[in-house]
file query20.cif (mmCIF, C-alpha atoms)
data_work
loop_
_atom_site.label_atom_id
_atom_site.label_comp_id
_atom_site.auth_asym_id
_atom_site.auth_seq_id
_atom_site.Cartn_x
_atom_site.Cartn_y
_atom_site.Cartn_z
CA MET P 1 121.82 91.04 112.85
CA PRO P 2 124.92 93.15 112.10
CA GLN P 3 124.82 96.55 110.51
CA THR P 4 124.86 96.31 106.74
CA SER P 5 124.86 98.87 104.00
CA ALA P 6 124.94 98.65 100.21
CA THR P 7 124.81 101.15 97.38
CA THR P 8 122.43 100.36 94.59
CA GLY P 9 121.90 102.01 91.21
CA SER P 10 118.53 103.12 89.82
CA THR P 11 119.08 102.43 86.15
CA ALA P 12 117.16 99.14 85.92
CA LYS P 13 114.42 98.78 83.30
CA SER P 14 111.77 99.24 85.99
CA LEU P 15 112.65 101.17 89.13
CA ALA P 16 112.57 98.79 92.08
CA PRO P 17 110.49 100.08 95.03
CA ILE P 18 112.28 100.98 98.26
CA PHE P 19 111.29 100.88 101.92
CA ILE P 20 113.16 103.09 104.36
CA SER P 21 112.94 103.63 108.10
CA HIS P 22 112.99 107.42 108.31
CA GLY P 23 113.73 107.69 112.03
CA SER P 24 113.46 110.71 114.26
CA PRO P 25 113.77 114.24 112.84
CA MET P 26 117.05 114.27 114.76
CA VAL P 27 118.56 112.17 111.95
CA VAL P 28 119.01 115.49 110.16
CA ALA P 29 121.07 116.87 113.05
CA ARG P 30 122.98 113.76 114.17
CA GLN P 31 125.47 113.66 111.35
CA SER P 32 127.71 110.91 112.75
CA THR P 33 125.11 108.14 112.62
CA PRO P 34 124.99 105.29 110.08
CA ALA P 35 121.42 106.23 109.20
CA PHE P 36 122.42 109.81 108.37
CA HIS P 37 125.11 108.60 106.00
CA PHE P 38 122.75 106.11 104.38
CA PHE P 39 120.39 108.90 103.41
CA VAL P 40 123.12 111.32 102.35
CA ASP P 41 125.39 108.90 100.51
CA GLU P 42 123.31 105.97 99.37
CA LEU P 43 119.71 107.08 98.96
CA SER P 44 121.06 110.02 96.98
CA LYS P 45 122.73 107.59 94.54
CA MET P 46 119.66 105.37 94.33
CA THR P 47 117.53 108.34 93.30
CA ASP P 48 119.86 109.57 90.56
CA GLY P 49 118.12 109.83 87.21
CA VAL P 50 114.57 109.09 88.32
CA ARG P 51 111.72 111.02 86.76
CA ALA P 52 109.80 111.58 90.00
CA ILE P 53 109.38 110.05 93.44
CA LEU P 54 106.08 108.86 94.83
CA MET P 55 106.47 108.90 98.60
CA ILE P 56 104.31 106.86 100.96
CA SER P 57 104.81 108.05 104.53
CA ALA P 58 103.42 106.70 107.79
CA HIS P 59 102.53 110.27 108.75
CA TRP P 60 99.75 110.85 106.20
CA GLN P 61 96.69 108.72 106.74
CA ALA P 62 93.32 109.16 105.10
CA ALA P 63 90.03 107.28 105.03
CA SER P 64 90.69 106.32 101.41
CA PRO P 65 93.87 106.44 99.30
CA THR P 66 94.62 110.04 98.36
CA ILE P 67 97.40 111.46 96.21
CA SER P 68 98.84 114.96 96.41
CA THR P 69 98.53 117.08 93.26
CA ALA P 70 100.23 120.14 94.76
CA ALA P 71 102.53 121.88 92.29
CA LYS P 72 104.83 123.14 95.06
CA GLN P 73 105.22 121.01 98.15
CA GLU P 74 104.80 122.61 101.58
CA THR P 75 107.29 121.44 104.22
CA ILE P 76 105.12 120.17 107.08
CA HIS P 77 106.81 120.21 110.49
CA ASP P 78 104.57 117.63 112.12
CA PHE P 79 106.65 116.98 115.23
CA TYR P 80 106.98 118.51 118.67
CA GLY P 81 109.68 119.20 121.24
CA PHE P 82 112.68 119.26 118.90
CA PRO P 83 115.39 121.94 118.49
CA GLN P 84 114.24 125.08 116.69
CA PRO P 85 116.61 124.67 113.71
CA LEU P 86 114.60 121.62 112.63
CA TYR P 87 111.47 123.79 112.39
CA ASP P 88 113.36 126.33 110.29
CA LEU P 89 114.24 123.78 107.61
CA GLN P 90 112.38 124.11 104.34
CA TYR P 91 112.44 121.64 101.45
CA GLY P 92 111.17 123.61 98.49
CA VAL P 93 110.64 120.74 96.09
CA GLU P 94 108.26 120.70 93.16
CA GLY P 95 105.35 118.29 93.06
CA ALA P 96 104.22 116.33 90.02
CA PRO P 97 100.56 117.32 89.59
CA GLU P 98 100.10 115.89 86.11
CA LEU P 99 101.60 112.54 87.06
CA ALA P 100 99.58 112.50 90.27
CA ARG P 101 96.32 113.12 88.45
CA GLU P 102 97.22 110.47 85.88
CA ILE P 103 97.88 107.90 88.61
CA ALA P 104 94.72 108.87 90.47
CA GLU P 105 92.66 108.26 87.35
CA GLU P 106 94.40 104.99 86.50
CA ILE P 107 93.97 103.36 89.91
CA GLY P 108 90.82 105.14 91.06
CA ILE P 109 91.87 107.19 94.08
CA ASP P 110 91.21 110.65 95.48
CA THR P 111 93.37 113.75 95.01
CA ASP P 112 94.40 116.57 97.34
CA ALA P 113 95.67 119.79 95.77
CA LYS P 114 96.98 121.29 99.04
CA ARG P 115 98.72 118.47 100.89
CA GLY P 116 102.47 118.97 101.32
CA LEU P 117 105.21 116.66 102.59
CA ASP P 118 105.29 115.50 106.22
CA HIS P 119 108.61 114.82 107.92
CA GLY P 120 108.53 111.13 106.96
CA ALA P 121 108.65 112.33 103.36
CA TRP P 122 110.71 115.53 103.28
CA MET P 123 113.32 114.59 105.88
CA PRO P 124 115.00 111.74 103.95
CA MET P 125 114.66 113.71 100.71
CA TYR P 126 116.23 116.79 102.31
CA LEU P 127 119.28 114.66 103.14
CA ALA P 128 119.40 112.66 99.91
CA ARG P 129 118.53 115.44 97.42
CA PRO P 130 119.41 118.74 99.11
CA ASN P 131 118.99 120.60 95.82
CA ALA P 132 115.37 119.42 95.57
CA ASP P 133 116.06 118.46 91.97
CA ILE P 134 113.54 115.61 91.64
CA PRO P 135 109.77 116.16 91.84
CA VAL P 136 108.24 114.48 94.90
CA PHE P 137 104.58 113.76 95.50
CA GLN P 138 102.87 111.76 98.20
CA LEU P 139 100.27 109.02 98.52
CA SER P 140 98.38 108.62 101.77
CA MET P 141 98.16 105.55 103.95
CA LEU P 142 94.82 104.00 104.87
CA GLY P 143 93.88 105.22 108.33
CA ARG P 144 92.03 102.01 109.20
CA GLY P 145 93.85 99.70 106.81
CA ASN P 146 95.70 96.56 107.83
CA ALA P 147 98.74 94.89 106.30
CA ARG P 148 96.73 93.23 103.53
CA ASP P 149 94.95 96.46 102.62
CA HIS P 150 98.28 98.24 102.20
CA TYR P 151 99.76 95.31 100.29
CA GLU P 152 96.85 95.46 97.85
CA LEU P 153 97.30 99.23 97.52
CA GLY P 154 100.94 98.66 96.66
CA LYS P 155 100.03 96.18 93.93
CA LYS P 156 98.24 99.00 92.12
CA LEU P 157 101.56 100.86 91.91
CA ARG P 158 103.59 98.08 90.26
CA LYS P 159 103.71 99.71 86.84
CA LEU P 160 105.03 103.05 88.05
CA GLY P 161 108.65 101.92 87.93
CA GLU P 162 108.31 101.39 84.19
CA LYS P 163 107.45 105.09 83.88
CA GLY P 164 110.55 106.22 85.75
CA ILE P 165 108.63 106.87 88.97
CA LEU P 166 110.30 105.56 92.12
CA VAL P 167 107.97 104.23 94.80
CA LEU P 168 109.62 105.15 98.10
CA ALA P 169 107.84 103.95 101.25
CA SER P 170 108.88 105.65 104.48
CA GLY P 171 108.07 104.20 107.90
CA ALA P 172 109.94 102.20 110.54
CA MET P 173 110.91 98.58 111.00
CA THR P 174 110.41 99.05 114.75
CA HIS P 175 108.52 101.95 116.31
CA ASN P 176 107.95 101.95 120.05
CA LEU P 177 108.57 105.49 121.24
CA ARG P 178 108.20 104.54 124.90
CA ALA P 179 111.04 102.04 124.56
CA LEU P 180 113.62 104.40 123.08
CA ASP P 181 116.96 104.56 124.89
CA PHE P 182 118.45 108.03 124.60
CA ASN P 183 121.65 106.74 126.20
CA GLU P 184 122.13 104.69 123.01
CA GLY P 185 122.33 101.29 124.67
CA PRO P 186 122.23 98.12 122.56
CA PRO P 187 118.87 97.09 121.10
CA GLN P 188 116.76 94.78 123.19
CA THR P 189 115.95 91.23 122.15
CA TRP P 190 112.37 92.02 121.12
CA ALA P 191 113.64 94.61 118.62
CA THR P 192 116.33 92.43 117.06
CA ASP P 193 114.14 89.31 117.05
CA PHE P 194 111.34 91.18 115.30
CA THR P 195 113.63 92.79 112.73
CA ASP P 196 115.43 89.53 112.00
CA TRP P 197 112.13 87.65 111.61
CA MET P 198 110.80 90.26 109.20
CA LEU P 199 113.99 90.18 107.13
CA ASP P 200 113.98 86.38 107.05
CA LYS P 201 110.37 86.25 105.83
CA ILE P 202 111.02 88.98 103.27
CA GLU P 203 114.08 87.13 101.97
CA ALA P 204 111.97 83.97 101.68
CA GLY P 205 109.17 85.85 99.93
CA ASP P 206 106.72 84.52 102.52
CA ILE P 207 103.93 87.04 101.99
CA ASP P 208 101.38 85.03 103.99
CA ALA P 209 103.58 85.07 107.09
CA LEU P 210 104.33 88.77 106.64
CA LEU P 211 100.64 89.63 106.35
CA ASP P 212 100.05 87.72 109.59
CA TYR P 213 103.03 89.29 111.37
CA ARG P 214 100.94 90.65 114.23
CA ASP P 215 100.15 87.16 115.51
CA THR P 216 103.29 85.28 114.44
CA ALA P 217 106.36 87.56 114.56
CA PRO P 218 108.34 87.54 117.82
CA GLY P 219 108.14 90.83 119.66
CA ALA P 220 105.53 92.23 117.28
CA LYS P 221 103.45 94.04 119.87
CA MET P 222 106.53 95.59 121.48
CA ALA P 223 108.02 96.54 118.12
CA HIS P 224 104.74 98.13 117.01
CA PRO P 225 102.24 99.02 119.76
CA GLU P 226 100.47 100.69 116.85
CA ASP P 227 101.23 99.43 113.37
CA ASP P 228 101.05 102.65 111.34
CA HIS P 229 104.82 102.89 110.85
CA LEU P 230 105.10 99.35 109.49
CA MET P 231 102.33 99.72 106.92
CA PRO P 232 104.50 101.56 104.34
CA LEU P 233 106.59 98.38 104.13
CA TYR P 234 103.52 96.54 102.88
CA VAL P 235 102.92 99.14 100.18
CA ALA P 236 106.49 98.58 98.99
CA LEU P 237 105.99 94.80 99.12
CA GLY P 238 102.85 95.14 97.04
CA ALA P 239 104.60 97.35 94.51
CA ALA P 240 107.42 94.78 94.18
CA PRO P 241 107.56 92.48 91.15
CA GLU P 242 106.09 88.99 91.41
CA GLY P 243 108.72 86.70 92.87
CA PHE P 244 110.82 89.66 93.97
CA ALA P 245 114.33 89.45 95.33
CA ALA P 246 114.88 91.73 98.33
CA LYS P 247 118.16 93.42 99.16
CA VAL P 248 118.95 94.92 102.57
CA LEU P 249 120.29 98.39 101.87
CA HIS P 250 120.84 99.43 105.46
CA ASN P 251 120.29 97.97 108.93
CA SER P 252 121.24 99.82 112.09
CA TYR P 253 119.59 100.96 115.34
CA GLU P 254 119.15 104.41 116.79
CA PHE P 255 118.09 105.28 120.34
CA GLY P 256 118.52 101.65 121.29
CA ASN P 257 115.44 100.02 119.79
CA LEU P 258 114.58 102.09 116.71
CA ALA P 259 115.48 99.88 113.75
CA MET P 260 116.61 101.98 110.77
CA THR P 261 116.19 99.19 108.23
CA ALA P 262 115.96 99.89 104.49
CA LEU P 263 115.23 97.42 101.70
CA ARG P 264 114.79 97.37 97.95
CA PHE P 265 112.58 94.93 96.07
CA TYR P 266 114.01 93.88 92.73
CA ASP P 267 112.98 91.65 89.93
CA GLN P 268 115.12 88.50 90.30
CA ASP P 269 117.12 89.19 87.13
CA GLU P 270 117.57 92.89 87.92
CA LEU P 271 119.08 92.13 91.32
CA LYS P 272 121.79 90.08 89.64
CA THR P 273 122.89 93.10 87.60
CA ALA P 274 122.34 95.79 90.28
CA ALA P 275 125.53 97.68 91.04
#

call {"tool": "encode", "arguments": {"input": "query20.cif", "output": "C-alpha cells"}}
result
Amino acid sequence: MPQTSATTGSTAKSLAPIFISHGSPMVVARQSTPAFHFFVDELSKMTDGVRAILMISAHWQAASPTISTAAKQETIHDFYGFPQPLYDLQYGVEGAPELAREIAEEIGIDTDAKRGLDHGAWMPMYLARPNADIPVFQLSMLGRGNARDHYELGKKLRKLGEKGILVLASGAMTHNLRALDFNEGPPQTWATDFTDWMLDKIEAGDIDALLDYRDTAPGAKMAHPEDDHLMPLYVALGAAPEGFAAKVLHNSYEFGNLAMTALRFYDQDELKTAA
C-alpha cells in the first residue's frame, strides 16, 4: 500500500478517536521521515482546540484498567540504548486529575496519582504540541487482555468525544523488533500483507475478523510476536461510533518493517464534512 497522509480537523461535534503508530524514540531525532512530519504537522492540527487528551499507550499495562490522576505528568524514559539527548528531553505537560477521577467513577476503573507519561504517550505529544498546551492523561492497557477485552474497554470511552476529550491510542500496526532493518530496506511481504489486511477489514467495519486477527490475518505472528502494541488499536475501535467510517491519516514504514500507520474513526456523517 502506498504512503498516504491527510490532514483532518478536530472541530466535529464529537471528537473522533485516533490510533497512531508511535514508532521508535528515534522519530524525535530523525526529522526527515514521513512519520516525523505527520506528528509535527498533522497530529498538531488534529489536536487543535481539544479540551484534553486521554492517551492509551502500549507501554503502560496493568492488571485492571487504571487512569492517571497526576496533576503534573512525569516524562518517563522507558527505553534503553538510545542517544543521550533523548533521555534529556522533558515534556512538562499538565494532567487532568478532575477529568480522570470523573471518568474513573463513571466507568468503574482504578486511579493512579503518580503515573506519568511513557514514551508511547509523551513522544508524539512532544512533537505535535511542543508547548505542552493541552492537558494529557493516560489510561492503562490490560496486561493479560486480548483484542476483545481492549475493544470492550474502548466502548466505555465512546462518550468522551462529546466532552471535548480526544481518545488517542498509541501503539504500532506492526511491531517485530527482531525484524527491523536499520539499512532502511523495503518492507517485507509479511509486514505489508498484514497492514493491508488490517486496513481492509477496518474499512469494511469487519469487527469480528479484526478481533480474530491472530488466526486469520496474513503475517500476524511475524507482525506481532507479542500483541501488546496492537491492542491500543482495539481501544480506538471500541471508542469509535457505531458504524464508523475510518480514514487513513498516515501510512509509511520505518526501519523496513515498522508500519507507522495512523487512523481516525469518524461517525459516517462527520467524515463527509471533515476537512

call {"tool": "atom_distance", "arguments": {"input": "query20.cif", "atom1": "atom CA of His175 of chain P", "atom2": "atom CA of Met123 of chain P"}}
result
17.1 Å

call {"tool": "resolve_selection", "arguments": {"input": "query20.cif", "expression": "the PyMOL selection byres ((chain P and resi 35-37) around 12)", "output": "number ranges by chain"}}
result
P: 3-7, 20-34, 38-45, 123-128, 249-255, 258-262

call {"tool": "closest_residue", "arguments": {"input": "query20.cif", "among": "P:His229, P:Arg51, P:Arg129, P:Arg144", "to": "Val167 of chain P", "atoms": "all atoms listed in the file"}}
result
P:Arg51

call {"tool": "resolve_selection", "arguments": {"input": "query20.cif", "expression": "the PyMOL selection byres ((chain P and resi 62-68) around 9)", "output": "JSON list (two decimals) with C-alpha atoms, in the coordinates of the input"}}
result
[["chain", "number", "residue", "atom", "x", "y", "z"],
["P", 60, "TRP", "CA", 99.75, 110.85, 106.20],
["P", 61, "GLN", "CA", 96.69, 108.72, 106.74],
["P", 69, "THR", "CA", 98.53, 117.08, 93.26],
["P", 70, "ALA", "CA", 100.23, 120.14, 94.76],
["P", 71, "ALA", "CA", 102.53, 121.88, 92.29],
["P", 73, "GLN", "CA", 105.22, 121.01, 98.15],
["P", 95, "GLY", "CA", 105.35, 118.29, 93.06],
["P", 96, "ALA", "CA", 104.22, 116.33, 90.02],
["P", 97, "PRO", "CA", 100.56, 117.32, 89.59],
["P", 100, "ALA", "CA", 99.58, 112.50, 90.27],
["P", 101, "ARG", "CA", 96.32, 113.12, 88.45],
["P", 103, "ILE", "CA", 97.88, 107.90, 88.61],
["P", 104, "ALA", "CA", 94.72, 108.87, 90.47],
["P", 108, "GLY", "CA", 90.82, 105.14, 91.06],
["P", 109, "ILE", "CA", 91.87, 107.19, 94.08],
["P", 110, "ASP", "CA", 91.21, 110.65, 95.48],
["P", 111, "THR", "CA", 93.37, 113.75, 95.01],
["P", 112, "ASP", "CA", 94.40, 116.57, 97.34],
["P", 113, "ALA", "CA", 95.67, 119.79, 95.77],
["P", 114, "LYS", "CA", 96.98, 121.29, 99.04],
["P", 115, "ARG", "CA", 98.72, 118.47, 100.89],
["P", 116, "GLY", "CA", 102.47, 118.97, 101.32],
["P", 137, "PHE", "CA", 104.58, 113.76, 95.50],
["P", 138, "GLN", "CA", 102.87, 111.76, 98.20],
["P", 139, "LEU", "CA", 100.27, 109.02, 98.52],
["P", 140, "SER", "CA", 98.38, 108.62, 101.77],
["P", 141, "MET", "CA", 98.16, 105.55, 103.95],
["P", 142, "LEU", "CA", 94.82, 104.00, 104.87],
["P", 143, "GLY", "CA", 93.88, 105.22, 108.33],
["P", 144, "ARG", "CA", 92.03, 102.01, 109.20],
["P", 145, "GLY", "CA", 93.85, 99.70, 106.81],
["P", 153, "LEU", "CA", 97.30, 99.23, 97.52]]

call {"tool": "closest_residue", "arguments": {"input": "query20.cif", "among": "P:Asp193, P:Glu94, P:Asp208, P:Glu105", "to": "Met222 of chain P", "atoms": "only C-alpha atoms"}}
result
P:Asp193

call {"tool": "axis_aligned_box", "arguments": {"input": "query20.cif", "around": "segment 102-120 of chain P", "padding_each_side": "4 Å", "output": "AutoDock Vina command-line options"}}
result
--center_x 99.7 --center_y 112.3 --center_z 96.9 --size_x 25.8 --size_y 25.9 --size_z 30.0

call {"tool": "atom_distance", "arguments": {"input": "query20.cif", "atom1": "atom CA of His150 of chain P", "atom2": "atom CA of Leu230 of chain P"}}
result
10.0 Å

call {"tool": "residues_around", "arguments": {"input": "query20.cif", "residues": "Leu168 of chain P", "least_positions_apart": "2", "cutoff": "8 Å", "atoms": "all atoms listed in the file", "output": "compact mmCIF listing (two decimals) with C-alpha atoms, in the frame of the given file"}}
result
# COMPACT_ATOMS: atom_id res chain seq x y z
CA PRO P 17 110.49 100.08 95.03
CA ILE P 18 112.28 100.98 98.26
CA PHE P 19 111.29 100.88 101.92
CA ILE P 20 113.16 103.09 104.36
CA ILE P 53 109.38 110.05 93.44
CA LEU P 54 106.08 108.86 94.83
CA MET P 55 106.47 108.90 98.60
CA ILE P 56 104.31 106.86 100.96
CA LEU P 166 110.30 105.56 92.12
CA SER P 170 108.88 105.65 104.48
CA ALA P 236 106.49 98.58 98.99

call {"tool": "resolve_selection", "arguments": {"input": "query20.cif", "expression": "the PyMOL selection byres ((chain P and resi 238) around 9)", "output": "list of chain:residue names"}}
result
P:His150, P:Tyr151, P:Glu152, P:Leu153, P:Gly154, P:Lys155, P:Lys156, P:Leu157, P:Arg158, P:Leu233, P:Tyr234, P:Val235, P:Ala236, P:Leu237, P:Ala239, P:Ala240, P:Pro241, P:Glu242

call {"tool": "closest_residue", "arguments": {"input": "query20.cif", "among": "P:Lys221, P:Tyr91, P:Gly161, P:Gly243", "to": "Pro130 of chain P", "atoms": "all atoms listed in the file"}}
result
P:Tyr91

call {"tool": "atom_distance", "arguments": {"input": "query20.cif", "atom1": "atom CA of Ala245 of chain P", "atom2": "atom CA of Asp269 of chain P"}}
result
8.7 Å

call {"tool": "closest_residue", "arguments": {"input": "query20.cif", "among": "P:Gly219, P:Gly81, P:Pro225, P:Gly49", "to": "Leu177 of chain P", "atoms": "only C-alpha atoms"}}
result
P:Pro225
